[in-house]
Amino acid sequence: MLFRSDDLAFVSSFANSVALRTGEGLVLFDVGSPLTGESIRAQLRDWSTDPVQTVVYTHGHIDHVMGAGAFEAEARPAGAAPLRFVAHRAILARFARYRLTAGYNATINARQFGIEGLGWPVDYRDPDVVLDHALDLEVGGVRIELRHARGETDDHLWAWLPASRAVCTGDLFIWAAPNCGNPQKVQRYPLEQAAALEQMAALEPELLLPGHGPPIEGAARVKLALTDTAALLRHLHDETVARMNLGASLDAILAEVRAPRELLERPWLRPVYDEPEFVVRNVWRLYG
């Protein structure tokens, strides 16, 4: 656990989890994978024994949602009230697609992560509450503002916690060049992701709690991380579209469009997972 205060805990894992303490129990933002959910639960219990009241899925990738069973199993023997799960409406279509293409997803993820025999789940905990664009919750006297933004996925949410001056970004910020072009995966949305990051920055958060990587503290550092990431996405998007409008071929665009070097040198924008070239290809796929 890298960060904790009286009201917030941040558990570092393959995909991070955030816990918010309220007068009615804990609100969790993401719950990890089948391999990490129990570890996340145990680490949170070192911080608080309050019951979990609500779980927010920032999106439906399995490293963020498949730890749900660990928390539901904990609640059942204690006779606690059922957990409430909240997500964007599009997560239901994602889960349905995952069930339909489980074999394909197992194949491409085994290839991507170099793990033979990697299975793919087909049993998901659907949300009890879904939103389309925005939803403001009040849990135990604490306000939580959820906003939808397409980016790495079409079902993405980010959360603004005004009392803590904190933003939970999910995978809209991952301490790497944005995963917004992966050629083995479904369509991604760089321009909308950039706009969401700019909306977060406009709130002047003092704490950034990402889906991957460590937290960022301090208003100036948080703003720089958010606006740099947005600038990189806007540059790749705009330069690609400008050349498409001039009739350039994909090969010509790939030869010409480059991410600004000064941005790629930022520690939170190194191309260690996705490549800027893939974002260019993804923009072409989106419009062309």
# chains A, B, ... in the order shown; residues from 1 in each chain; ligands from 1

$ select_by_dssp --residues "stretch 44-149 of chain A" --states "strand (DSSP E or B)" --output "list in words"
Val52, Gln53, Thr54, Val55, Val56, Arg84, Phe85, Val86, Ala87, His88, Val129, Val130, Leu131, Ala134, Leu135, Asp136, Leu137, Glu138, Val139, Val142, Arg143, Ile144, Glu145, Leu146, Arg147 and His148 of chain A

$ closest_atom_pairs --of "stretch 64-98 of chain A" --to "stretch 186-198 of chain A" --cutoff "12 Å" --atoms "only C-alpha atoms" --output "CSV"
residue,atom,partner,partner_atom,distance
A:Arg94,CA,A:Val186,CA,10.5
A:Arg97,CA,A:Val186,CA,10.8
A:Tyr98,CA,A:Val186,CA,11.6

$ select_by_dssp --residues "stretch 44-265 of chain A" --states "alpha helix (DSSP H)" --output "JSON, numbers by chain"
{"A": [44, 45, 46, 47, 62, 63, 64, 65, 68, 69, 70, 71, 72, 73, 74, 75, 90, 91, 92, 93, 94, 95, 96, 97, 98, 99, 100, 102, 103, 104, 105, 106, 107, 108, 109, 110, 111, 112, 113, 190, 191, 192, 193, 194, 195, 196, 197, 198, 199, 200, 201, 202, 219, 220, 221, 222, 223, 224, 225, 226, 227, 228, 229, 230, 231, 232, 233, 234, 235, 236, 237, 238, 239, 240, 241, 242, 243, 244, 245, 250, 251, 252, 253, 254, 255, 256, 261, 262, 263, 264]}

$ closest_atom_pairs --of "stretch 147-199 of chain A" --to "stretch 268-273 of chain A" --cutoff "6 Å" --atoms "only C-alpha atoms" --output "CSV"
residue,atom,partner,partner_atom,distance
A:Trp175,CA,A:Trp268,CA,4.2
A:Ala176,CA,A:Leu269,CA,4.3
A:Ala177,CA,A:Leu269,CA,4.2

$ write_last_selection --atoms "N, CA and C atoms" --output "short mmCIF file (atom, residue, chain, number, x, y, z; two decimals), in the first residue's frame"
data_model
loop_
_atom_site.label_atom_id
_atom_site.label_comp_id
_atom_site.auth_asym_id
_atom_site.auth_seq_id
_atom_site.Cartn_x
_atom_site.Cartn_y
_atom_site.Cartn_z
N TRP A 175 0.93 6.03 -16.27
CA TRP A 175 2.38 6.14 -16.13
C TRP A 175 3.11 5.55 -17.33
N ALA A 176 2.58 5.77 -18.51
CA ALA A 176 3.21 5.33 -19.76
C ALA A 176 2.51 6.08 -20.89
N ALA A 177 3.13 6.07 -22.06
CA ALA A 177 2.41 6.59 -23.22
C ALA A 177 1.06 5.89 -23.28
#

$ closest_residue --among "A:Leu226, A:Met1, A:Leu83, A:Ala93" --to "A:Gln199" --atoms "only C-alpha atoms"
A:Leu226

$ closest_atom_pairs --of "stretch 142-235 of chain A" --to "stretch 52-71 of chain A" --cutoff "8 Å" --atoms "only C-alpha atoms" --output "CSV"
residue,atom,partner,partner_atom,distance
A:Thr153,CA,A:His59,CA,7.2
A:Asp155,CA,A:His59,CA,5.5
A:His156,CA,A:His59,CA,4.7
A:Leu157,CA,A:Thr58,CA,4.7
A:Trp158,CA,A:Thr58,CA,6.3
A:Thr169,CA,A:Thr58,CA,7.8
A:Gly170,CA,A:Thr58,CA,5.3
A:Asp171,CA,A:Thr58,CA,7.9

$ write_last_selection --atoms "C-alpha atoms" --output "compact mmCIF listing (two decimals), in the first residue's frame"
# COMPACT_ATOMS: atom_id res chain seq x y z
CA THR A 153 -12.00 1.65 -23.59
CA ASP A 155 -16.82 2.08 -21.00
CA HIS A 156 -14.39 4.19 -19.02
CA LEU A 157 -15.23 6.20 -15.91
CA TRP A 158 -13.13 8.62 -13.90
CA THR A 169 -8.32 8.14 -13.43
CA GLY A 170 -8.61 4.42 -14.08
CA ASP A 171 -6.54 3.65 -17.18

$ atom_distance --atom1 "atom CA of A:Phe113" --atom2 "atom CA of A:Asn282"
20.9 Å

$ residues_around --residues "A:Arg221" --least-positions-apart "4" --cutoff "12 Å" --atoms "only C-alpha atoms" --output "ChimeraX atom specification"
/A:201,204-208,215-217,225-228,266-268

$ residues_around --residues "A:Arg89" --least-positions-apart "6" --cutoff "8 Å" --atoms "only C-alpha atoms" --output "list in words"
Val130, Leu131, Asp132 and Asp155 of chain A

$ write_last_selection --atoms "N, CA and C atoms" --output "CSV table (one decimal), in the first residue's frame"
chain,number,residue,atom,x,y,z
A,130,VAL,N,-25.9,1.5,-13.5
A,130,VAL,CA,-25.2,1.9,-14.6
A,130,VAL,C,-25.5,3.3,-14.9
A,131,LEU,N,-24.5,4.0,-15.5
A,131,LEU,CA,-24.7,5.4,-15.9
A,131,LEU,C,-24.3,5.5,-17.4
A,132,ASP,N,-24.8,6.6,-18.0
A,132,ASP,CA,-24.5,6.9,-19.4
A,132,ASP,C,-23.4,8.0,-19.5
A,155,ASP,N,-16.0,2.1,-22.2
A,155,ASP,CA,-16.8,2.1,-21.0
A,155,ASP,C,-16.1,2.7,-19.8

$ closest_residue --among "A:Asp50, A:Glu275, A:Glu256, A:Asp251" --to "A:Leu233" --atoms "only C-alpha atoms"
A:Glu275

$ closest_residue --among "A:Leu28, A:Cys180, A:His212, A:Glu265" --to "A:Ala230" --atoms "only C-alpha atoms"
A:Cys180

$ residues_around --residues "A:Gln43" --least-positions-apart "4" --cutoff "12 Å" --atoms "only C-alpha atoms" --output "list in words"
Met1, Leu2, Phe3, Arg4, Ala9, Phe10, Val11, Ser12, Ser13, Asn16, Ser17, Val18, Ala19, Val31, Thr36, Gly37, Glu38, Ser39, Trp47, Ser48 and Thr49 of chain A

$ write_last_selection --atoms "N, CA, C and O atoms" --output "PDB file, in the first residue's frame"
ATOM      1  N   MET A   1       0.859  -1.182   0.000  1.00  0.00           N
ATOM      2  CA  MET A   1       0.000   0.000   0.000  1.00  0.00           C
ATOM      3  C   MET A   1       0.900   1.238   0.000  1.00  0.00           C
ATOM      4  O   MET A   1       1.660   1.458   0.936  1.00  0.00           O
ATOM      5  N   LEU A   2       0.811   2.030  -1.055  1.00  0.00           N
ATOM      6  CA  LEU A   2       1.723   3.150  -1.198  1.00  0.00           C
ATOM      7  C   LEU A   2       1.216   4.430  -0.565  1.00  0.00           C
ATOM      8  O   LEU A   2       2.000   5.312  -0.241  1.00  0.00           O
ATOM      9  N   PHE A   3      -0.093   4.558  -0.417  1.00  0.00           N
ATOM     10  CA  PHE A   3      -0.649   5.815   0.050  1.00  0.00           C
ATOM     11  C   PHE A   3      -1.849   5.531   0.928  1.00  0.00           C
ATOM     12  O   PHE A   3      -2.704   4.731   0.579  1.00  0.00           O
ATOM     13  N   ARG A   4      -1.896   6.186   2.064  1.00  0.00           N
ATOM     14  CA  ARG A   4      -3.112   6.111   2.862  1.00  0.00           C
ATOM     15  C   ARG A   4      -3.193   7.347   3.749  1.00  0.00           C
ATOM     16  O   ARG A   4      -2.192   7.883   4.202  1.00  0.00           O
ATOM     17  N   ALA A   9      -7.198   5.214   0.824  1.00  0.00           N
ATOM     18  CA  ALA A   9      -6.122   4.228   0.755  1.00  0.00           C
ATOM     19  C   ALA A   9      -5.917   3.859  -0.706  1.00  0.00           C
ATOM     20  O   ALA A   9      -6.881   3.728  -1.476  1.00  0.00           O
ATOM     21  N   PHE A  10      -4.663   3.707  -1.087  1.00  0.00           N
ATOM     22  CA  PHE A  10      -4.283   3.351  -2.454  1.00  0.00           C
ATOM     23  C   PHE A  10      -3.462   2.076  -2.395  1.00  0.00           C
ATOM     24  O   PHE A  10      -2.408   2.039  -1.759  1.00  0.00           O
ATOM     25  N   VAL A  11      -3.962   1.008  -3.010  1.00  0.00           N
ATOM     26  CA  VAL A  11      -3.267  -0.267  -3.015  1.00  0.00           C
ATOM     27  C   VAL A  11      -2.606  -0.453  -4.376  1.00  0.00           C
ATOM     28  O   VAL A  11      -3.283  -0.519  -5.406  1.00  0.00           O
ATOM     29  N   SER A  12      -1.281  -0.531  -4.364  1.00  0.00           N
ATOM     30  CA  SER A  12      -0.541  -0.753  -5.595  1.00  0.00           C
ATOM     31  C   SER A  12      -0.576  -2.231  -5.947  1.00  0.00           C
ATOM     32  O   SER A  12      -0.235  -3.092  -5.143  1.00  0.00           O
ATOM     33  N   SER A  13      -0.991  -2.531  -7.187  1.00  0.00           N
ATOM     34  CA  SER A  13      -1.075  -3.910  -7.643  1.00  0.00           C
ATOM     35  C   SER A  13      -0.880  -3.902  -9.148  1.00  0.00           C
ATOM     36  O   SER A  13      -0.550  -2.866  -9.734  1.00  0.00           O
ATOM     37  N   ASN A  16      -4.239  -1.047  -9.917  1.00  0.00           N
ATOM     38  CA  ASN A  16      -4.395  -0.475  -8.585  1.00  0.00           C
ATOM     39  C   ASN A  16      -5.854  -0.476  -8.127  1.00  0.00           C
ATOM     40  O   ASN A  16      -6.779  -0.550  -8.939  1.00  0.00           O
ATOM     41  N   SER A  17      -6.016  -0.347  -6.817  1.00  0.00           N
ATOM     42  CA  SER A  17      -7.334  -0.190  -6.221  1.00  0.00           C
ATOM     43  C   SER A  17      -7.290   0.982  -5.247  1.00  0.00           C
ATOM     44  O   SER A  17      -6.282   1.190  -4.566  1.00  0.00           O
ATOM     45  N   VAL A  18      -8.378   1.738  -5.197  1.00  0.00           N
ATOM     46  CA  VAL A  18      -8.496   2.886  -4.299  1.00  0.00           C
ATOM     47  C   VAL A  18      -9.696   2.671  -3.390  1.00  0.00           C
ATOM     48  O   VAL A  18     -10.756   2.219  -3.858  1.00  0.00           O
ATOM     49  N   ALA A  19      -9.538   2.971  -2.116  1.00  0.00           N
ATOM     50  CA  ALA A  19     -10.635   2.864  -1.153  1.00  0.00           C
ATOM     51  C   ALA A  19     -10.897   4.228  -0.531  1.00  0.00           C
ATOM     52  O   ALA A  19      -9.958   4.933  -0.132  1.00  0.00           O
ATOM     53  N   VAL A  31     -11.083  -3.503  -8.263  1.00  0.00           N
ATOM     54  CA  VAL A  31     -10.876  -4.563  -7.267  1.00  0.00           C
ATOM     55  C   VAL A  31      -9.876  -5.614  -7.726  1.00  0.00           C
ATOM     56  O   VAL A  31      -9.790  -6.681  -7.132  1.00  0.00           O
ATOM     57  N   THR A  36      -5.101 -11.112  -7.974  1.00  0.00           N
ATOM     58  CA  THR A  36      -4.705 -10.046  -7.043  1.00  0.00           C
ATOM     59  C   THR A  36      -5.824  -9.584  -6.124  1.00  0.00           C
ATOM     60  O   THR A  36      -5.568  -8.858  -5.162  1.00  0.00           O
ATOM     61  N   GLY A  37      -7.067  -9.993  -6.382  1.00  0.00           N
ATOM     62  CA  GLY A  37      -8.198  -9.485  -5.607  1.00  0.00           C
ATOM     63  C   GLY A  37      -8.068  -9.771  -4.119  1.00  0.00           C
ATOM     64  O   GLY A  37      -8.318  -8.895  -3.278  1.00  0.00           O
ATOM     65  N   GLU A  38      -7.658 -10.983  -3.764  1.00  0.00           N
ATOM     66  CA  GLU A  38      -7.546 -11.339  -2.349  1.00  0.00           C
ATOM     67  C   GLU A  38      -6.420 -10.556  -1.676  1.00  0.00           C
ATOM     68  O   GLU A  38      -6.554 -10.128  -0.524  1.00  0.00           O
ATOM     69  N   SER A  39      -5.313 -10.351  -2.364  1.00  0.00           N
ATOM     70  CA  SER A  39      -4.215  -9.560  -1.810  1.00  0.00           C
ATOM     71  C   SER A  39      -4.642  -8.120  -1.576  1.00  0.00           C
ATOM     72  O   SER A  39      -4.320  -7.516  -0.543  1.00  0.00           O
ATOM     73  N   TRP A  47      -5.815  -1.484   6.810  1.00  0.00           N
ATOM     74  CA  TRP A  47      -6.112  -0.051   6.944  1.00  0.00           C
ATOM     75  C   TRP A  47      -7.466   0.191   7.601  1.00  0.00           C
ATOM     76  O   TRP A  47      -7.622   1.081   8.418  1.00  0.00           O
ATOM     77  N   SER A  48      -8.472  -0.613   7.248  1.00  0.00           N
ATOM     78  CA  SER A  48      -9.820  -0.396   7.759  1.00  0.00           C
ATOM     79  C   SER A  48     -10.592  -1.710   7.803  1.00  0.00           C
ATOM     80  O   SER A  48     -10.476  -2.539   6.890  1.00  0.00           O
ATOM     81  N   THR A  49     -11.394  -1.870   8.837  1.00  0.00           N
ATOM     82  CA  THR A  49     -12.299  -3.023   8.936  1.00  0.00           C
ATOM     83  C   THR A  49     -13.727  -2.642   8.572  1.00  0.00           C
ATOM     84  O   THR A  49     -14.641  -3.461   8.717  1.00  0.00           O
TER      85      THR A  49
END

$ residues_around --residues "A:Leu254" --least-positions-apart "5" --cutoff "10 Å" --atoms "only C-alpha atoms" --output "ChimeraX atom specification"
/A:240,248-249,276-278,280-281

$ write_last_selection --atoms "N, CA and C atoms" --output "CSV table (one decimal), in the first residue's frame"
chain,number,residue,atom,x,y,z
A,240,THR,N,-2.4,13.3,-37.6
A,240,THR,CA,-2.9,12.2,-38.4
A,240,THR,C,-4.1,12.6,-39.3
A,248,ALA,N,-3.3,11.7,-47.8
A,248,ALA,CA,-2.1,10.9,-47.6
A,248,ALA,C,-2.5,9.5,-47.3
A,249,SER,N,-1.6,8.6,-47.7
A,249,SER,CA,-1.8,7.1,-47.4
A,249,SER,C,-1.4,6.9,-46.0
A,276,PRO,N,3.4,5.2,-29.9
A,276,PRO,CA,2.7,6.3,-30.6
A,276,PRO,C,2.3,5.9,-32.0
A,277,GLU,N,3.1,5.1,-32.7
A,277,GLU,CA,2.7,4.6,-34.0
A,277,GLU,C,1.4,3.9,-34.0
A,278,PHE,N,1.1,3.2,-32.9
A,278,PHE,CA,-0.1,2.4,-32.9
A,278,PHE,C,-1.3,3.4,-32.7
A,280,VAL,N,-1.5,6.3,-34.0
A,280,VAL,CA,-1.7,6.8,-35.4
A,280,VAL,C,-2.5,5.8,-36.2
A,281,ARG,N,-2.1,4.6,-36.1
A,281,ARG,CA,-2.9,3.5,-36.8
A,281,ARG,C,-4.3,3.5,-36.3

$ decode --residues "stretch 92-112 of chain A" --atoms "N, CA, C and O atoms" --output "compact mmCIF listing (two decimals), in the first residue's frame"
# COMPACT_ATOMS: atom_id res chain seq x y z
N LEU A 92 -21.61 -3.76 -19.89
CA LEU A 92 -22.42 -4.95 -20.11
C LEU A 92 -22.15 -5.55 -21.48
O LEU A 92 -22.02 -6.77 -21.62
N ALA A 93 -22.02 -4.69 -22.50
CA ALA A 93 -21.68 -5.18 -23.83
C ALA A 93 -20.25 -5.72 -23.85
O ALA A 93 -19.96 -6.70 -24.56
N ARG A 94 -19.35 -5.11 -23.09
CA ARG A 94 -17.98 -5.62 -23.01
C ARG A 94 -17.96 -7.03 -22.44
O ARG A 94 -17.33 -7.94 -22.98
N PHE A 95 -18.66 -7.23 -21.32
CA PHE A 95 -18.69 -8.56 -20.71
C PHE A 95 -19.29 -9.58 -21.67
O PHE A 95 -18.83 -10.73 -21.77
N ALA A 96 -20.33 -9.18 -22.40
CA ALA A 96 -20.95 -10.10 -23.37
C ALA A 96 -19.95 -10.45 -24.48
O ALA A 96 -19.86 -11.61 -24.91
N ARG A 97 -19.19 -9.46 -24.94
CA ARG A 97 -18.19 -9.71 -25.98
C ARG A 97 -17.07 -10.61 -25.45
O ARG A 97 -16.59 -11.49 -26.15
N TYR A 98 -16.68 -10.40 -24.19
CA TYR A 98 -15.65 -11.25 -23.61
C TYR A 98 -16.10 -12.70 -23.55
O TYR A 98 -15.30 -13.62 -23.76
N ARG A 99 -17.37 -12.93 -23.22
CA ARG A 99 -17.87 -14.30 -23.18
C ARG A 99 -17.86 -14.90 -24.59
O ARG A 99 -17.52 -16.08 -24.79
N LEU A 100 -18.27 -14.10 -25.57
CA LEU A 100 -18.36 -14.57 -26.95
C LEU A 100 -17.00 -14.90 -27.53
O LEU A 100 -16.86 -15.86 -28.30
N THR A 101 -15.97 -14.14 -27.16
CA THR A 101 -14.65 -14.27 -27.78
C THR A 101 -13.59 -14.70 -26.75
O THR A 101 -12.43 -14.29 -26.84
N ALA A 102 -13.99 -15.53 -25.81
CA ALA A 102 -13.06 -15.92 -24.75
C ALA A 102 -11.81 -16.60 -25.30
O ALA A 102 -10.69 -16.34 -24.85
N GLY A 103 -11.97 -17.47 -26.29
CA GLY A 103 -10.82 -18.15 -26.86
C GLY A 103 -9.86 -17.20 -27.54
O GLY A 103 -8.64 -17.31 -27.41
N TYR A 104 -10.42 -16.25 -28.29
CA TYR A 104 -9.58 -15.26 -28.97
C TYR A 104 -8.83 -14.40 -27.97
O TYR A 104 -7.62 -14.16 -28.10
N ASN A 105 -9.53 -13.95 -26.94
CA ASN A 105 -8.87 -13.12 -25.92
C ASN A 105 -7.78 -13.89 -25.19
O ASN A 105 -6.72 -13.33 -24.87
N ALA A 106 -8.01 -15.15 -24.92
CA ALA A 106 -6.97 -15.96 -24.29
C ALA A 106 -5.74 -16.03 -25.19
O ALA A 106 -4.60 -15.92 -24.72
N THR A 107 -5.95 -16.18 -26.48
CA THR A 107 -4.84 -16.30 -27.42
C THR A 107 -4.01 -15.03 -27.49
O THR A 107 -2.78 -15.06 -27.37
N ILE A 108 -4.68 -13.88 -27.67
CA ILE A 108 -3.91 -12.65 -27.86
C ILE A 108 -3.27 -12.18 -26.56
O ILE A 108 -2.19 -11.58 -26.57
N ASN A 109 -3.89 -12.46 -25.42
CA ASN A 109 -3.28 -12.05 -24.15
C ASN A 109 -2.12 -12.96 -23.78
O ASN A 109 -1.12 -12.50 -23.21
N ALA A 110 -2.20 -14.26 -24.11
CA ALA A 110 -1.06 -15.14 -23.92
C ALA A 110 0.12 -14.67 -24.77
O ALA A 110 1.28 -14.66 -24.33
N ARG A 111 -0.17 -14.24 -26.00
CA ARG A 111 0.88 -13.72 -26.88
C ARG A 111 1.44 -12.42 -26.33
O ARG A 111 2.66 -12.22 -26.28
N GLN A 112 0.58 -11.53 -25.91
CA GLN A 112 1.02 -10.22 -25.45
C GLN A 112 1.88 -10.31 -24.19
O GLN A 112 2.90 -9.62 -24.07
